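So the structure is just underneath, and the comments pick up after that.
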Amino acid sequence: MSVIKNQVHSLYTQVKSTEIKTEHVVVAIVQETPLVFSRITGLFRRRGFHLKSLTIGACEQSGYSRMTIVIDGTKTDTEQVIKQLYKVIEVIKVSDISFDQTVQRELALVKIYATKASRSEIMQIVDIFRGNIVDVGHDSLMVEITGDSSKVDSFLDLIRGFGIKELARTGLTAMNRGASGQVN
Amino acid sequence: MAKKNTYTGSLTGSHVMAMSLMMEGVTDLFGYPGGAIMPFYDVMKDFPDLNHVLVRNEQGAALAAIGYSRVTGHEKLGVCVATSGPGATNLVTGIFDAYMDSMPIIAITGQVPTQVAGTDAFQEADVIGITQPITKQSYYITDAKDIAATVKEAFHIARSGRPGPVLIDFPKDIQNQVVEEFVYPEKTDVKGYRPKVMGNKRMIQQAAQWLEKAERPLILAGHGVLIANAMPDLIELAEKMNIPVVTTLHGLGCFPENHPQSMGMLGMHGFAHCNFAVQECDVLFGIGLRFDDRIIGKADDFAPKASIIHVDIDPAEIGKNVHTELPIVGDARNVLKEMNGIVEQGEYNEWLKQIEEWKQEYPVPQSIIQKKKEEGGGMKLSMRDVVRELYKQTEGQAVIASDVGQHQMITAQEYLFQNPHSHLTSGGSGTMGYALPAAMGAKVAYPEKEVWAIIGDGSFQMNMQELVTLAQDGIAVKIAVLNNSFLGMVRQWQELFFDKNYASTPMFNPDFVKLAEACGIKAMKAETNGDMKSVIERMRQETGPVLCEFVVQKEENVFPMVPSGKSLSDTITCSDGTHKIS
């Protein structure tokens, strides 16, 4: 029987213990009904999936929404997430795009403490990160910055020293690249 | 009003609901009226073909609906009706039970009028929110024109794929809303819901090859075989290949238990030889089951020598609890039919002999009790004796609803079910109080069948109010209360794992005979073996509902047993010694 056992492992086996946890990006197209969002968020809580970010918005088809879900887990965990999502009747399509060629974006609005002395330095950093200053107050600046999560993270790291008054991040949204598209 | 698919003229939403239910073949409802469902009850007079059973607690209605669906093999679905607020929340336990055991039931709940929705109106509860994690789908109707399509979709979703409970929340003003016509849709198309019923051919071929190459193959059959009505196909496969069949608790009845290849039930209280067979087999063909923790024991040490083939219609079950080498997503019947077309004859005499040896070596508990009886003599009735006698007299042909606890496991071990859909029990959720309402549902579905409820004294008191329902409608369920004055299963754990600290398990019980008589039910009592035999004979002759209290030994234990968290290899067959497979 050992012959079969060896064949088997090469074909279908998933070995749980050797898997590593990584960030997975899952995209779901769902019907736009009042119930579907609570069904899905309830599912994450109940099944103990580690949810890092969840964004919901319109997609190309009216009556449907697109959800981008970032979870921290193994490949097997992610497969279970996808299977459970499919069990929600209103869910039309789910795909794990973690290992695909994708464009990933997140937007952050940051209100930074800014004195006369520090203002120009902040503006330089914003410039480097191709952010926009969208509001100026007596003692603060509001900056809009877009990019993948690590770009937003490093921007926040740099300006943290000035003092962050308020921060709002939208969470990640992502899309597969076109057939030959490589333009950033 | 008679059953028809179109009608022109003024109708209320309640009429449309009742007509839609009739179009789905509903003939019986289990329910309880109340403020927010009154318009629906008001139109019942126009539908003499809809038989309404007035339960005494809504939980009974949901559990009766489960019994109804179960015994008919999902041909007719159980429907329960409750009012808003507390009526609906009383259904929750039953809906949960249906969800855990993949039972299709339809729950219709009244709701406050849409104008006051969200204002915390009298008896307003967010029942969709409350039941969301335990329903397959739920609907809130906001226009009477949607009722027919909603009911069609609800029944389709409840009974197809992996079945489950569906809830329809039905506001009072919609029940009264007037529409001018009724057209019942012929079919329904639910986007995003297309259960995969045909198994992947390549995978099925692979599975057949593995079984043919195997030296110690084993079929593990579950509830899915019953749901898919794949019993003949399973028998064909097992007989053709000469492979032994082990069943789960819910799979009992999917393979005739007097068949020479039927090994019995595995799991926490399964037979030792079944558990050992699983641990020793080299190819495990699991079909229509979800590898629940009560049957796999310690997951890491489940079937360590086997390549597991898992067939299930729900892809989410595959690889969830045990790791699977060969997954096949599909309907059990289709997969078995496909397999039967390609498999060749097999010979596994050595393997069958080995299982037979285990069977002799680790005897089934009845002989242990028998031995004790011979030594000690004059012992009281044992639960096992009662179930064995019942099996003997009914020849395995009765419909048996068992509750939750020791008597449930003993029933599963001792009653050899000869027919599919004749074993009703609460597996996944372990709902105490299940048997009485479930047996009631079964008897309403099939009045000509002999239906028994086997219930412990603790479980009986969870839903004993339904005795009155049985009396009111003359539903002739035969009730065997096995009274050991303990919450037996908990007591057994306390004895084995908590130093016999019997915390809150001894019970003061009512006089069950007087209680039943007060509810209008004929009652008897048996305390000795001789009594027991004649009482069962007499109960079988009764045409109305009848109850018997069997006073059994107080501290009988259920064995074999796999202690919680242990591997199936650690099955113990008596409390003073551990029998372990080497």
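Ligands are numbered from 1 in the order shown, residues from 1 within each chain, and chains are lettered A, B, ... in the order they appear in the structure tokens.
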
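Residue-level DSSP output for region 281-392 of chain B, from the backbone, shows strand (DSSP E or B) at Val283, Leu284, Phe285, Gly286, Ile287, Ser307, Ile308, Ile309, His310, Val311, Asp312, Leu326, Pro327, Ile328, Val329 and Leu381 of chain B.
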
Please provide the set of residues having any atom within 12 Å of Ser62 (chain A), restricted to only C-alpha atoms, with same-chain residues fewer than 5 positions apart removed, written as an mmCIF file with N, CA and C atoms, in the first residue's frame.
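What landed in around_13.cif:
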```cif
data_model
loop_
_atom_site.group_PDB
_atom_site.id
_atom_site.type_symbol
_atom_site.label_atom_id
_atom_site.label_comp_id
_atom_site.auth_asym_id
_atom_site.auth_seq_id
_atom_site.Cartn_x
_atom_site.Cartn_y
_atom_site.Cartn_z
ATOM 1 N N ILE A 29 -17.121 38.658 -5.356
ATOM 2 C CA ILE A 29 -18.214 39.414 -5.974
ATOM 3 C C ILE A 29 -19.502 38.905 -5.332
ATOM 4 N N VAL A 30 -20.262 39.817 -4.763
ATOM 5 C CA VAL A 30 -21.462 39.403 -4.031
ATOM 6 C C VAL A 30 -22.667 40.206 -4.487
ATOM 7 N N GLN A 31 -23.835 39.619 -4.306
ATOM 8 C CA GLN A 31 -25.056 40.354 -4.611
ATOM 9 C C GLN A 31 -25.243 41.446 -3.571
ATOM 10 N N GLU A 32 -25.740 42.607 -4.034
ATOM 11 C CA GLU A 32 -25.870 43.741 -3.132
ATOM 12 C C GLU A 32 -27.183 43.630 -2.368
ATOM 13 N N THR A 33 -27.181 42.922 -1.243
ATOM 14 C CA THR A 33 -28.383 42.827 -0.420
ATOM 15 C C THR A 33 -28.007 43.233 0.990
ATOM 16 N N GLY A 57 -17.267 47.789 -2.075
ATOM 17 C CA GLY A 57 -17.662 48.901 -2.920
ATOM 18 C C GLY A 57 -18.316 48.396 -4.185
#
```

So which residues touch region 203-220 of chain B within 8 Å, counting only C-alpha atoms, skipping near sequence neighbours fewer than 2 positions away, as a PyMOL selection string? (chain A and resi 1+4) or (chain B and resi 199-201+222+238+243-248+277-278+280-287+309+326-328+335+338-339+342-344+346+348+351)

Exercise answer, chain B residues close to chain A, 6 Å and only C-alpha atoms, as a ChimeraX atom specification: /B:192-193,316,325

For Pro104 (chain B), find every residue with an atom within 7 Å (counting only C-alpha atoms), except residues of its own chain fewer than 4 positions away, and show them as JSON, numbers by chain. {"B": [69, 77, 98, 158, 159, 163, 164, 165]}

Excluding same-chain residues fewer than 2 positions from Thr8 (chain B), what lies within 7 Å of it counting only C-alpha atoms, as a ChimeraX atom specification? /B:6,180-182

Put those residues in a file: all heavy atoms, as a PDB file, in the first residue's frame.
```
ATOM      1  N   THR B   6     -52.298  28.656 -10.378  1.00  0.00           N
ATOM      2  CA  THR B   6     -52.653  30.041 -10.685  1.00  0.00           C
ATOM      3  C   THR B   6     -54.054  30.325 -10.144  1.00  0.00           C
ATOM      4  O   THR B   6     -54.880  29.421  -9.981  1.00  0.00           O
ATOM      5  CB  THR B   6     -52.686  30.324 -12.204  1.00  0.00           C
ATOM      6  OG1 THR B   6     -53.509  29.332 -12.807  1.00  0.00           O
ATOM      7  CG2 THR B   6     -51.318  30.310 -12.818  1.00  0.00           C
ATOM      8  N   GLU B 180     -53.848  40.747  -6.494  1.00  0.00           N
ATOM      9  CA  GLU B 180     -54.952  40.405  -7.392  1.00  0.00           C
ATOM     10  C   GLU B 180     -54.801  39.059  -8.087  1.00  0.00           C
ATOM     11  O   GLU B 180     -55.708  38.573  -8.721  1.00  0.00           O
ATOM     12  CB  GLU B 180     -55.145  41.512  -8.442  1.00  0.00           C
ATOM     13  CG  GLU B 180     -55.625  42.833  -7.855  1.00  0.00           C
ATOM     14  CD  GLU B 180     -56.871  42.701  -6.973  1.00  0.00           C
ATOM     15  OE1 GLU B 180     -57.752  41.871  -7.298  1.00  0.00           O
ATOM     16  OE2 GLU B 180     -56.960  43.401  -5.935  1.00  0.00           O
ATOM     17  N   GLU B 181     -53.619  38.482  -7.996  1.00  0.00           N
ATOM     18  CA  GLU B 181     -53.492  37.157  -8.618  1.00  0.00           C
ATOM     19  C   GLU B 181     -52.417  36.346  -7.919  1.00  0.00           C
ATOM     20  O   GLU B 181     -51.588  36.875  -7.183  1.00  0.00           O
ATOM     21  CB  GLU B 181     -53.182  37.269 -10.118  1.00  0.00           C
ATOM     22  CG  GLU B 181     -51.894  37.987 -10.410  1.00  0.00           C
ATOM     23  CD  GLU B 181     -51.396  37.741 -11.823  1.00  0.00           C
ATOM     24  OE1 GLU B 181     -52.081  37.064 -12.600  1.00  0.00           O
ATOM     25  OE2 GLU B 181     -50.297  38.215 -12.133  1.00  0.00           O
ATOM     26  N   PHE B 182     -52.476  35.038  -8.157  1.00  0.00           N
ATOM     27  CA  PHE B 182     -51.463  34.136  -7.621  1.00  0.00           C
ATOM     28  C   PHE B 182     -50.927  33.308  -8.777  1.00  0.00           C
ATOM     29  O   PHE B 182     -51.680  32.653  -9.496  1.00  0.00           O
ATOM     30  CB  PHE B 182     -52.091  33.218  -6.571  1.00  0.00           C
ATOM     31  CG  PHE B 182     -51.216  32.059  -6.175  1.00  0.00           C
ATOM     32  CD1 PHE B 182     -50.123  32.256  -5.351  1.00  0.00           C
ATOM     33  CD2 PHE B 182     -51.491  30.771  -6.620  1.00  0.00           C
ATOM     34  CE1 PHE B 182     -49.307  31.190  -4.980  1.00  0.00           C
ATOM     35  CE2 PHE B 182     -50.671  29.704  -6.255  1.00  0.00           C
ATOM     36  CZ  PHE B 182     -49.588  29.912  -5.438  1.00  0.00           C
TER      37      PHE B 182
END
```

Show me, as a ChimeraX atom specification, the residues that have an atom within 6 Å of Ala108 (chain A) when counting only C-alpha atoms, minus same-chain residues fewer than 3 positions from it. /A:144-145,168-169

Nearest residue to Lys75 (chain A) out of B:Met440, B:Pro133, B:Gly319, B:Ala230, using only C-alpha atoms? B:Gly319

What is the distance, in Å and to one decimal place, between CA of Ile313 (chain B) and CA of Met231 (chain B)?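 CA of Ile313 (chain B) sits 16.1 Å away from CA of Met231 (chain B).
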
So which bits of region 419-464 of chain B end up alpha helix (DSSP H) when you DSSP the backbone, as a list of chain:residue names?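 Assigned to alpha helix (DSSP H), within region 419-464 of chain B: B:Ala435, B:Leu436, B:Pro437, B:Ala438, B:Ala439, B:Met440, B:Gly441, B:Ala442, B:Lys443, B:Val444, B:Ala445, B:Asp457, B:Gly458, B:Ser459, B:Phe460.
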
Residue nearest Phe129 (chain A) - candidates A:Lys151, A:Arg45, A:Lys111, A:Arg66, atoms counted: only C-alpha atoms: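 Answer, going by the shortest atom-to-atom distance: A:Lys151.
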
What's the 10 Å shell around Ala476 (chain B), counting only C-alpha atoms, without same-chain residues fewer than 5 positions away, as an NGL selection string? :B and (439-440 or 443-444 or 447-452 or 470-471 or 521 or 542-546)
